[in-house]
Structure formats: C-alpha cells, structure tokens
$ cat data09.txt   # compact mmCIF, C-alpha atoms
# COMPACT_ATOMS: atom_id res chain seq x y z
CA MET X 1 51.88 45.44 -4.05
CA HIS X 2 53.58 44.18 -7.20
CA ALA X 3 56.99 45.37 -8.36
CA GLY X 4 56.51 48.04 -11.00
CA VAL X 5 53.11 49.04 -9.68
CA GLU X 6 53.21 52.22 -7.62
CA GLN X 7 50.20 51.42 -5.50
CA SER X 8 48.35 48.20 -4.83
CA VAL X 9 44.87 48.07 -6.31
CA ILE X 10 43.86 45.75 -3.45
CA THR X 11 42.48 48.02 -0.75
CA ASP X 12 42.15 47.38 2.97
CA ALA X 13 38.41 46.98 2.41
CA ASP X 14 39.13 44.26 -0.17
CA ARG X 15 41.54 42.49 2.21
CA ALA X 16 38.88 42.56 4.94
CA LEU X 17 36.74 40.27 2.72
CA ILE X 18 39.37 37.50 2.76
CA GLY X 19 38.21 34.55 4.82
CA VAL X 20 34.65 35.80 5.35
CA GLU X 21 32.39 32.84 4.70
CA THR X 22 28.97 33.23 3.08
CA LEU X 23 25.85 31.86 4.68
CA PRO X 24 25.11 28.35 3.36
CA GLY X 25 23.03 27.96 0.23
CA TYR X 26 21.05 24.71 0.18
CA HIS X 27 20.75 22.54 -2.92
CA LEU X 28 18.88 19.32 -3.56
CA ILE X 29 20.90 17.11 -5.91
CA GLU X 30 18.12 16.43 -8.38
CA ALA X 31 18.08 13.37 -10.63
CA GLY X 32 16.93 15.47 -13.61
CA ALA X 33 19.76 17.96 -13.15
CA VAL X 34 22.32 15.15 -12.99
CA ARG X 35 20.78 13.52 -16.09
CA ARG X 36 21.02 16.78 -18.06
CA PHE X 37 24.59 17.24 -16.88
CA CYS X 38 25.58 13.70 -17.96
CA ARG X 39 23.91 14.22 -21.35
CA ALA X 40 25.76 17.50 -21.89
CA VAL X 41 29.15 15.98 -21.04
CA GLY X 42 28.44 12.72 -22.87
CA LEU X 43 28.84 10.56 -19.75
CA GLU X 44 27.44 7.16 -20.62
CA ASP X 45 27.82 5.34 -17.29
CA ALA X 46 24.29 4.18 -16.42
CA TYR X 47 24.93 4.32 -12.64
CA TYR X 48 24.75 8.13 -12.71
CA VAL X 49 21.16 8.14 -13.96
CA ASP X 50 19.61 4.74 -13.25
CA VAL X 51 18.99 3.58 -9.66
CA GLU X 52 19.05 -0.12 -10.58
CA ALA X 53 22.32 0.30 -12.48
CA ALA X 54 23.74 2.14 -9.48
CA HIS X 55 22.74 -0.70 -7.15
CA ALA X 56 24.14 -3.28 -9.58
CA ALA X 57 27.42 -1.37 -9.60
CA GLY X 58 27.61 -1.47 -5.82
CA TYR X 59 26.40 2.05 -4.93
CA PRO X 60 23.58 2.70 -2.42
CA GLU X 61 22.24 5.42 -4.78
CA ARG X 62 23.24 7.18 -8.01
CA PRO X 63 26.66 8.79 -7.39
CA VAL X 64 27.26 12.43 -8.27
CA PRO X 65 29.54 12.99 -11.31
CA PRO X 66 32.87 14.49 -10.18
CA THR X 67 32.34 17.89 -11.83
CA PHE X 68 28.58 18.21 -11.21
CA TRP X 69 29.43 20.50 -8.28
CA CYS X 70 29.93 23.38 -10.71
CA ALA X 71 26.15 23.36 -11.25
CA ILE X 72 25.37 23.90 -7.55
CA GLN X 73 27.93 26.47 -6.46
CA ALA X 74 27.10 29.21 -4.01
CA SER X 75 25.39 32.03 -5.82
CA GLY X 76 27.90 34.63 -6.96
CA SER X 77 25.67 37.35 -5.59
CA GLU X 78 26.12 35.96 -2.07
CA LEU X 79 29.91 36.28 -2.15
CA PRO X 80 31.10 39.85 -1.60
CA ARG X 81 33.27 40.97 -4.49
CA PRO X 82 36.43 42.98 -3.92
CA HIS X 83 36.17 46.39 -5.59
CA LEU X 84 39.92 46.61 -6.39
CA GLY X 85 39.59 50.33 -6.93
CA GLY X 86 37.73 49.66 -10.17
CA PHE X 87 40.74 47.79 -11.59
CA GLY X 88 40.24 45.53 -14.60
CA THR X 89 37.64 44.97 -17.27
CA ARG X 90 37.28 41.19 -17.28
CA THR X 91 37.88 38.11 -15.16
CA VAL X 92 39.34 34.96 -16.70
CA ASN X 93 38.87 31.49 -15.24
CA GLY X 94 42.40 30.35 -14.42
CA GLY X 95 41.61 26.91 -13.12
CA THR X 96 39.87 24.81 -10.50
CA ASP X 97 41.05 22.31 -7.92
CA PHE X 98 38.55 19.88 -6.36
CA GLU X 99 39.07 17.66 -3.32
CA TYR X 100 36.64 14.78 -2.80
CA LEU X 101 36.28 13.91 0.88
CA LYS X 102 33.01 11.96 1.18
CA PRO X 103 30.77 10.32 -1.46
CA ALA X 104 27.62 12.20 -2.50
CA TYR X 105 24.46 10.86 -4.08
CA VAL X 106 21.41 11.96 -6.02
CA GLY X 107 18.60 12.92 -3.65
CA GLN X 108 20.88 14.44 -1.01
CA THR X 109 20.50 18.02 0.17
CA VAL X 110 23.83 19.77 0.43
CA ALA X 111 24.88 23.13 1.86
CA CYS X 112 27.39 25.24 -0.05
CA THR X 113 29.42 28.07 1.41
CA ALA X 114 32.09 30.20 -0.23
CA ARG X 115 34.89 32.49 0.87
CA ILE X 116 37.79 34.36 -0.65
CA LEU X 117 41.00 32.56 0.28
CA SER X 118 43.50 35.02 -1.18
CA LEU X 119 43.98 38.11 -3.34
CA THR X 120 47.38 38.72 -4.94
CA GLU X 121 48.78 40.92 -7.67
CA ARG X 122 50.92 39.47 -10.44
CA THR X 123 52.20 40.24 -13.88
CA VAL X 124 50.86 37.74 -16.39
CA ARG X 125 51.21 37.52 -20.18
CA ALA X 126 48.28 39.90 -20.66
CA GLY X 127 49.68 42.47 -18.20
CA HIS X 128 48.99 43.35 -14.60
CA ALA X 129 46.46 41.11 -12.90
CA VAL X 130 44.78 40.45 -9.59
CA VAL X 131 44.54 36.74 -8.88
CA SER X 132 41.77 35.65 -6.54
CA VAL X 133 41.30 32.20 -5.10
CA ILE X 134 37.75 31.44 -3.98
CA GLU X 135 36.92 28.33 -2.03
CA HIS X 136 33.54 26.60 -2.24
CA THR X 137 32.71 23.92 0.34
CA TRP X 138 29.78 21.52 0.10
CA ARG X 139 28.62 19.78 3.27
CA ASP X 140 25.96 17.17 3.93
CA ILE X 141 23.20 17.73 6.50
CA SER X 142 25.40 16.34 9.28
CA GLY X 143 28.02 18.97 8.50
CA ASP X 144 30.60 16.64 6.97
CA VAL X 145 32.53 18.11 4.04
CA LEU X 146 31.72 16.27 0.81
CA THR X 147 33.73 18.29 -1.70
CA ARG X 148 35.90 21.37 -1.54
CA ALA X 149 36.79 23.43 -4.62
CA ARG X 150 39.32 26.21 -5.12
CA LEU X 151 38.65 28.45 -8.10
CA THR X 152 41.32 30.77 -9.46
CA GLY X 153 40.06 33.95 -11.11
CA ILE X 154 42.38 36.32 -12.95
CA ARG X 155 41.19 39.93 -13.09
CA LEU X 156 42.72 41.81 -16.02
CA MET Z 1 31.42 -1.44 -10.17
CA ASP Z 2 30.93 -1.35 -13.95
CA ARG Z 3 34.61 -1.50 -14.78
CA VAL Z 4 37.49 -3.40 -13.25
CA ALA Z 5 39.70 -0.95 -11.38
CA PRO Z 6 43.44 -1.34 -11.89
CA ARG Z 7 45.25 -2.77 -8.88
CA TRP Z 8 47.80 -0.54 -7.21
CA ASP Z 9 50.36 -3.38 -7.35
CA ASP Z 10 49.95 -3.61 -11.14
CA VAL Z 11 50.40 0.11 -11.75
CA GLU Z 12 53.77 1.85 -11.99
CA VAL Z 13 55.02 5.37 -12.54
CA GLY Z 14 54.68 5.94 -16.26
CA THR Z 15 51.55 3.80 -16.68
CA ARG Z 16 49.36 5.48 -19.29
CA LEU Z 17 45.59 5.80 -19.11
CA PRO Z 18 43.49 4.95 -22.16
CA GLU Z 19 43.17 8.13 -24.23
CA LEU Z 20 39.75 9.83 -24.35
CA ARG Z 21 38.72 11.76 -27.45
CA LYS Z 22 35.67 14.02 -27.28
CA GLU Z 23 34.01 16.23 -29.88
CA ALA Z 24 32.10 19.19 -28.47
CA THR Z 25 29.75 20.95 -30.88
CA THR Z 26 27.93 24.26 -30.41
CA ARG Z 27 24.96 22.13 -29.30
CA THR Z 28 27.18 20.60 -26.59
CA LEU Z 29 28.11 24.09 -25.38
CA VAL Z 30 24.45 25.14 -25.12
CA GLN Z 31 23.55 21.89 -23.36
CA PHE Z 32 26.40 22.37 -20.90
CA ALA Z 33 25.49 26.03 -20.32
CA GLY Z 34 22.02 24.92 -19.27
CA ALA Z 35 23.26 21.98 -17.21
CA SER Z 36 25.87 24.01 -15.33
CA GLU Z 37 23.93 27.30 -15.29
CA ASP Z 38 26.94 29.12 -16.77
CA PHE Z 39 25.34 31.54 -19.20
CA HIS Z 40 28.42 33.57 -20.08
CA GLU Z 41 27.89 34.65 -23.72
CA ILE Z 42 31.38 33.58 -24.87
CA HIS Z 43 30.10 30.01 -24.80
CA TYR Z 44 27.14 30.47 -27.20
CA ASP Z 45 27.15 33.95 -28.81
CA ARG Z 46 29.74 34.08 -31.59
CA GLU Z 47 29.44 37.85 -32.14
CA GLN Z 48 30.02 38.53 -28.46
CA ALA Z 49 33.00 36.13 -28.45
CA GLU Z 50 34.48 37.90 -31.49
CA ARG Z 51 33.99 41.30 -29.86
CA LEU Z 52 36.14 39.99 -27.00
CA GLY Z 53 38.87 38.99 -29.46
CA LEU Z 54 38.08 35.29 -29.57
CA PRO Z 55 37.98 33.45 -32.92
CA ASP Z 56 34.75 31.64 -32.01
CA VAL Z 57 32.68 30.68 -28.99
CA ILE Z 58 34.76 28.59 -26.61
CA LEU Z 59 34.33 25.44 -24.56
CA GLN Z 60 33.50 26.00 -20.89
CA GLY Z 61 36.37 25.32 -18.49
CA TYR Z 62 34.17 22.95 -16.51
CA LEU Z 63 33.22 21.06 -19.68
CA LYS Z 64 36.91 20.44 -20.37
CA LYS Z 65 37.45 19.49 -16.73
CA SER Z 66 34.55 17.05 -17.05
CA TYR Z 67 36.39 15.40 -19.94
CA LEU Z 68 39.52 15.12 -17.78
CA ALA Z 69 37.39 13.53 -15.05
CA GLU Z 70 35.83 11.10 -17.53
CA CYS Z 71 39.26 9.93 -18.72
CA VAL Z 72 40.25 9.20 -15.11
CA THR Z 73 36.99 7.56 -13.99
CA ASN Z 74 36.98 5.37 -17.13
CA TRP Z 75 40.31 4.02 -15.90
CA ILE Z 76 39.62 3.69 -12.18
CA GLY Z 77 36.10 2.34 -12.69
CA SER Z 78 34.30 4.59 -10.22
CA PRO Z 79 33.94 8.32 -9.55
CA GLN Z 80 34.26 7.51 -5.85
CA ARG Z 81 37.90 6.53 -6.21
CA LEU Z 82 38.73 10.11 -7.16
CA ARG Z 83 40.33 12.06 -4.29
CA ARG Z 84 41.41 15.21 -6.12
CA LEU Z 85 41.04 16.71 -9.59
CA SER Z 86 42.50 20.00 -10.78
CA ALA Z 87 42.58 21.69 -14.17
CA GLU Z 88 44.25 24.82 -15.51
CA TYR Z 89 42.66 26.69 -18.38
CA ARG Z 90 45.73 27.88 -20.27
CA GLY Z 91 44.24 28.04 -23.75
CA VAL Z 92 40.83 28.31 -25.37
CA ASP Z 93 39.17 25.52 -27.34
CA ALA Z 94 36.70 26.04 -30.15
CA PRO Z 95 33.75 23.73 -30.82
CA SER Z 96 33.58 21.36 -33.74
CA ARG Z 97 31.66 22.79 -36.68
CA GLN Z 98 30.59 21.41 -40.04
CA GLY Z 99 33.57 21.67 -42.37
CA ARG Z 100 35.87 22.52 -39.46
CA PRO Z 101 35.96 19.53 -37.14
CA GLN Z 102 37.57 19.95 -33.74
CA SER Z 103 38.34 17.50 -30.99
CA PHE Z 104 39.48 17.54 -27.39
CA THR Z 105 41.76 14.70 -26.41
CA VAL Z 106 42.67 13.75 -22.86
CA ARG Z 107 45.79 11.78 -22.03
CA GLY Z 108 46.91 10.71 -18.57
CA ARG Z 109 50.05 9.21 -17.08
CA VAL Z 110 50.78 8.00 -13.55
CA THR Z 111 53.45 10.21 -11.99
CA ARG Z 112 53.54 9.07 -8.36
CA LEU Z 113 52.44 6.15 -6.20
CA TRP Z 114 52.24 6.21 -2.42
CA GLN Z 115 50.24 5.03 0.59
CA GLU Z 116 48.57 7.41 3.00
CA GLY Z 117 45.76 7.14 5.53
CA GLY Z 118 45.31 3.46 4.75
CA GLU Z 119 44.79 4.14 1.03
CA LYS Z 120 46.91 3.19 -1.96
CA LEU Z 121 47.10 6.35 -4.03
CA ALA Z 122 48.21 7.28 -7.51
CA GLU Z 123 48.83 10.76 -8.91
CA ILE Z 124 47.99 11.22 -12.56
CA SER Z 125 49.27 14.01 -14.78
CA LEU Z 126 46.57 14.96 -17.30
CA GLU Z 127 46.77 16.72 -20.65
CA GLY Z 128 43.77 18.13 -22.48
CA ARG Z 129 44.76 18.98 -26.04
CA ASP Z 130 42.84 20.54 -28.92
CA GLY Z 131 42.56 19.00 -32.40
CA GLY Z 132 45.89 20.55 -33.41
CA GLY Z 133 47.69 18.95 -30.47
CA ARG Z 134 48.00 22.19 -28.48
CA LEU Z 135 47.98 21.68 -24.70
CA THR Z 136 45.15 23.93 -23.52
CA THR Z 137 44.09 22.19 -20.31
CA PRO Z 138 46.69 20.49 -18.13
CA GLY Z 139 45.43 18.83 -14.99
CA LEU Z 140 46.22 16.58 -12.08
CA ALA Z 141 44.27 13.81 -10.40
CA VAL Z 142 44.80 11.76 -7.26
CA VAL Z 143 42.98 8.42 -7.13
CA ALA Z 144 42.66 5.56 -4.67
CA LEU Z 145 43.37 2.13 -6.11
CA GLY Z 146 42.53 -1.30 -4.77
$ encode --input "data09.txt" --output "structure tokens"
Amino acid sequence: MHAGVEQSVITDADRALIGVETLPGYHLIEAGAVRRFCRAVGLEDAYYVDVEAAHAAGYPERPVPPTFWCAIQASGSELPRPHLGGFGTRTVNGGTDFEYLKPAYVGQTVACTARILSLTERTVRAGHAVVSVIEHTWRDISGDVLTRARLTGIRL
Amino acid sequence: MDRVAPRWDDVEVGTRLPELRKEATTRTLVQFAGASEDFHEIHYDREQAERLGLPDVILQGYLKKSYLAECVTNWIGSPQRLRRLSAEYRGVDAPSRQGRPQSFTVRGRVTRLWQEGGEKLAEISLEGRDGGGRLTTPGLAVVALG
C-alpha cells in the first residue's frame, strides 16, 4: 500500500501471480525476420544478414542483433495479467534491462518464458501508479539461458 | 570481427564513444512495428496518438534502445561483447517529417572499469537525446573488452 492511498489496488489474487512462470513459447530465429529487423533499425553490419560475412567476421553463424529479442517475446496472452481491481486506463513502457549470457544465432530455436517479478505502488509525475516488472527468459534447446530481459510497465 | 575492438588497457573512465545520429521517419516506425510485431497505434496512427494527448506518433521504446545498442556495438566491434543493456523511456520522441526534421542522437561515456569472472569489463552511461537536445532515453551498457 502506498502512503496516501487508503487501500492497495494490488489484491491477494494479483500477488499470487508473482513468480508464476508461463509455459515456454518456441521461436525459430528466422533469417528473414532478422533481415527485416536490421532494415528497420538501419543496422548495416553485413554479419547479421550474410552467412559469408558472418564467417569472415569470426562468427559460426549470423549473430542475433542485441535488441531482436523484443520480436520474439512470450505472447502477452500467455502471461496472466493482474486485475488490480480495475485500476488504471493505460500502461506506459518505463524501460527494459537485458542481460546477455550466451551468444545466439540465426537458425536457432529458442524457448521463451515470462513471469511477473514484482508489483509495487508508487506516486509518479502523472499520479498514482502500479509498477510491474516482468521478466522474459530465452533459453536454447539445451536449457542454457541466452538472454534475460526485465521490462518495467507503469499502470496509470 | 568487422571493427577493431578497443583494448581494455587503452580505455579509461571518461572515454567517450563515437556519437551516433539516427533519423527515424514515419516509414521507419511502420517498418519497426512490423519487424518487432508491436502494433500499438501510437506508433503509426497520428489521430489515435493525438487522442491520447501526444503531439504526433512516437518512436517505439525498442527502436530507441536499438539505437543505443548500435552506438555501443559500433564501438566494441561485436554484439557478442555486450553483457548488459538497459534503457529508460523518460520522454517521447517524434519522427522526422518533411519540413520538420527530427533526429535521435546517442552519446556514451565509460563510467567504470573492472575485472570479473575472467573478463575485462566496462560500464557505459548512455544518453539518447531528441533533436532539441532533450534527454529522453538514458541507458546503461556493460561490455567485455579485449
């Protein structure tokens, strides 16, 4: 509960969702998807899209651009959403924090899971808010974590 | 690798990364929406953006974070030297339009150097600023240097 707010909008049912991990969603890292991503961002490094350029640059395959993971997140519909007693009308993207633990390449199949790490109430510039941190984890087929992302959502 | 990575011994706290200047147009926003599968209307529907109190459609957070990543990987020479990358979306950025050009500039500065787990690491403070110099997207990166 936040000072100045008589009752927390985060219910026990919402708190019960914290830490519950989704089933894995499987994604093939497709060359075409990476090419479209590079074109959209304006990434000109040939090793992202050209196998020979990747080999020439010392990679065994085309490496995955650092932010490409946003294109293969767990489906939002798979992650249970806290109801928050109907609080708020919009959710703002507050920021993202990625950790890179193992290299990933085009052609790999990866498994993505997601879970709510925390729900807290705060007063921000726009008023009262519920801040959620959602963690997405991508693993390779051997179960090793490739990348982990923490996404901060601000419900207003 | 395509570029020569800076050596840890040659880098010091305060070392600045080469600045990266990007210009995202409405076409860029639509391309990125398709590439990232983020079809929130505030990134391509001006009327919807205005109804939500925004002056124009706005750049996707992940597009801006991609620009931060590009600034860092241009310097370190490989995406695989990146260990961590964070971004905060504190302000909105509008796309560049005919007669009203906009830009997004990324600057980076080394703020810490240390060794851990057999790696020589550098922390980089990042600033993503709009064409008017307003800091909309601060960030932080940790990279491994040779």
$ residues_around --input "data09.txt" --residues "Cys70 of chain X" --least-positions-apart "6" --cutoff "9 Å" --atoms "all atoms listed in the file" --output "list in words"
Ser36, Glu37, Asp38 and Tyr62 of chain Z
$ interface_residues --input "data09.txt" --of "chain X" --to "chain Z" --cutoff "10 Å" --atoms "only C-alpha atoms" --output "VMD selection string"
chain X and resid 32 to 48 53 to 59 63 to 73 90 92 to 104 147 to 152
$ closest_residue --input "data09.txt" --among "Z:Pro6, Z:Ala49, Z:Ala94, Z:Val11" --to "Trp114 of chain Z" --atoms "only C-alpha atoms"
Z:Val11
$ closest_residue --input "data09.txt" --among "Z:Ile58, Z:Asp93, Z:Arg112, Z:Glu119" --to "Gly133 of chain Z" --atoms "only C-alpha atoms"
Z:Asp93
$ closest_residue --input "data09.txt" --among "X:Val106, X:Ala13, X:Ala114, X:Val124" --to "Gly25 of chain X" --atoms "all atoms listed in the file"
X:Ala114
$ atom_distance --input "data09.txt" --atom1 "atom CA of Gly19 of chain X" --atom2 "atom CA of Ser118 of chain X"
8.0 Å
$ atom_distance --input "data09.txt" --atom1 "atom CA of Thr11 of chain X" --atom2 "atom CA of Gly85 of chain X"
7.2 Å
$ closest_residue --input "data09.txt" --among "Z:Gln48, Z:Ser103, Z:Thr15, Z:Ser96" --to "Gly131 of chain Z" --atoms "only C-alpha atoms"
Z:Ser103
$ closest_residue --input "data09.txt" --among "Z:Val72, Z:Ser125, Z:Trp8, Z:Val92" --to "His43 of chain Z" --atoms "all atoms listed in the file"
Z:Val92
$ closest_residue --input "data09.txt" --among "X:Ala126, X:Val110, X:Leu117, X:Leu79" --to "Asp140 of chain X" --atoms "all atoms listed in the file"
X:Val110
$ residues_around --input "data09.txt" --residues "Leu17 of chain X" --least-positions-apart "4" --cutoff "8 Å" --atoms "all atoms listed in the file" --output "PDB file with C-alpha atoms, in the frame of the given file"
ATOM      1  CA  ALA X  13      38.410  46.980   2.410  1.00  0.00           C
ATOM      2  CA  PRO X  80      31.100  39.850  -1.600  1.00  0.00           C
ATOM      3  CA  PRO X  82      36.430  42.980  -3.920  1.00  0.00           C
ATOM      4  CA  ILE X 116      37.790  34.360  -0.650  1.00  0.00           C
TER       5      ILE X 116
END
$ residues_near_point --input "data09.txt" --point "(30.0, 30.6, 2.4)" --cutoff "9 Å" --atoms "only C-alpha atoms" --output "ChimeraX atom specification"
/X:20-25,74,78-79,112-115,135-137
$ atom_distance --input "data09.txt" --atom1 "atom CA of Gly88 of chain X" --atom2 "atom CA of Arg51 of chain Z"
17.0 Å
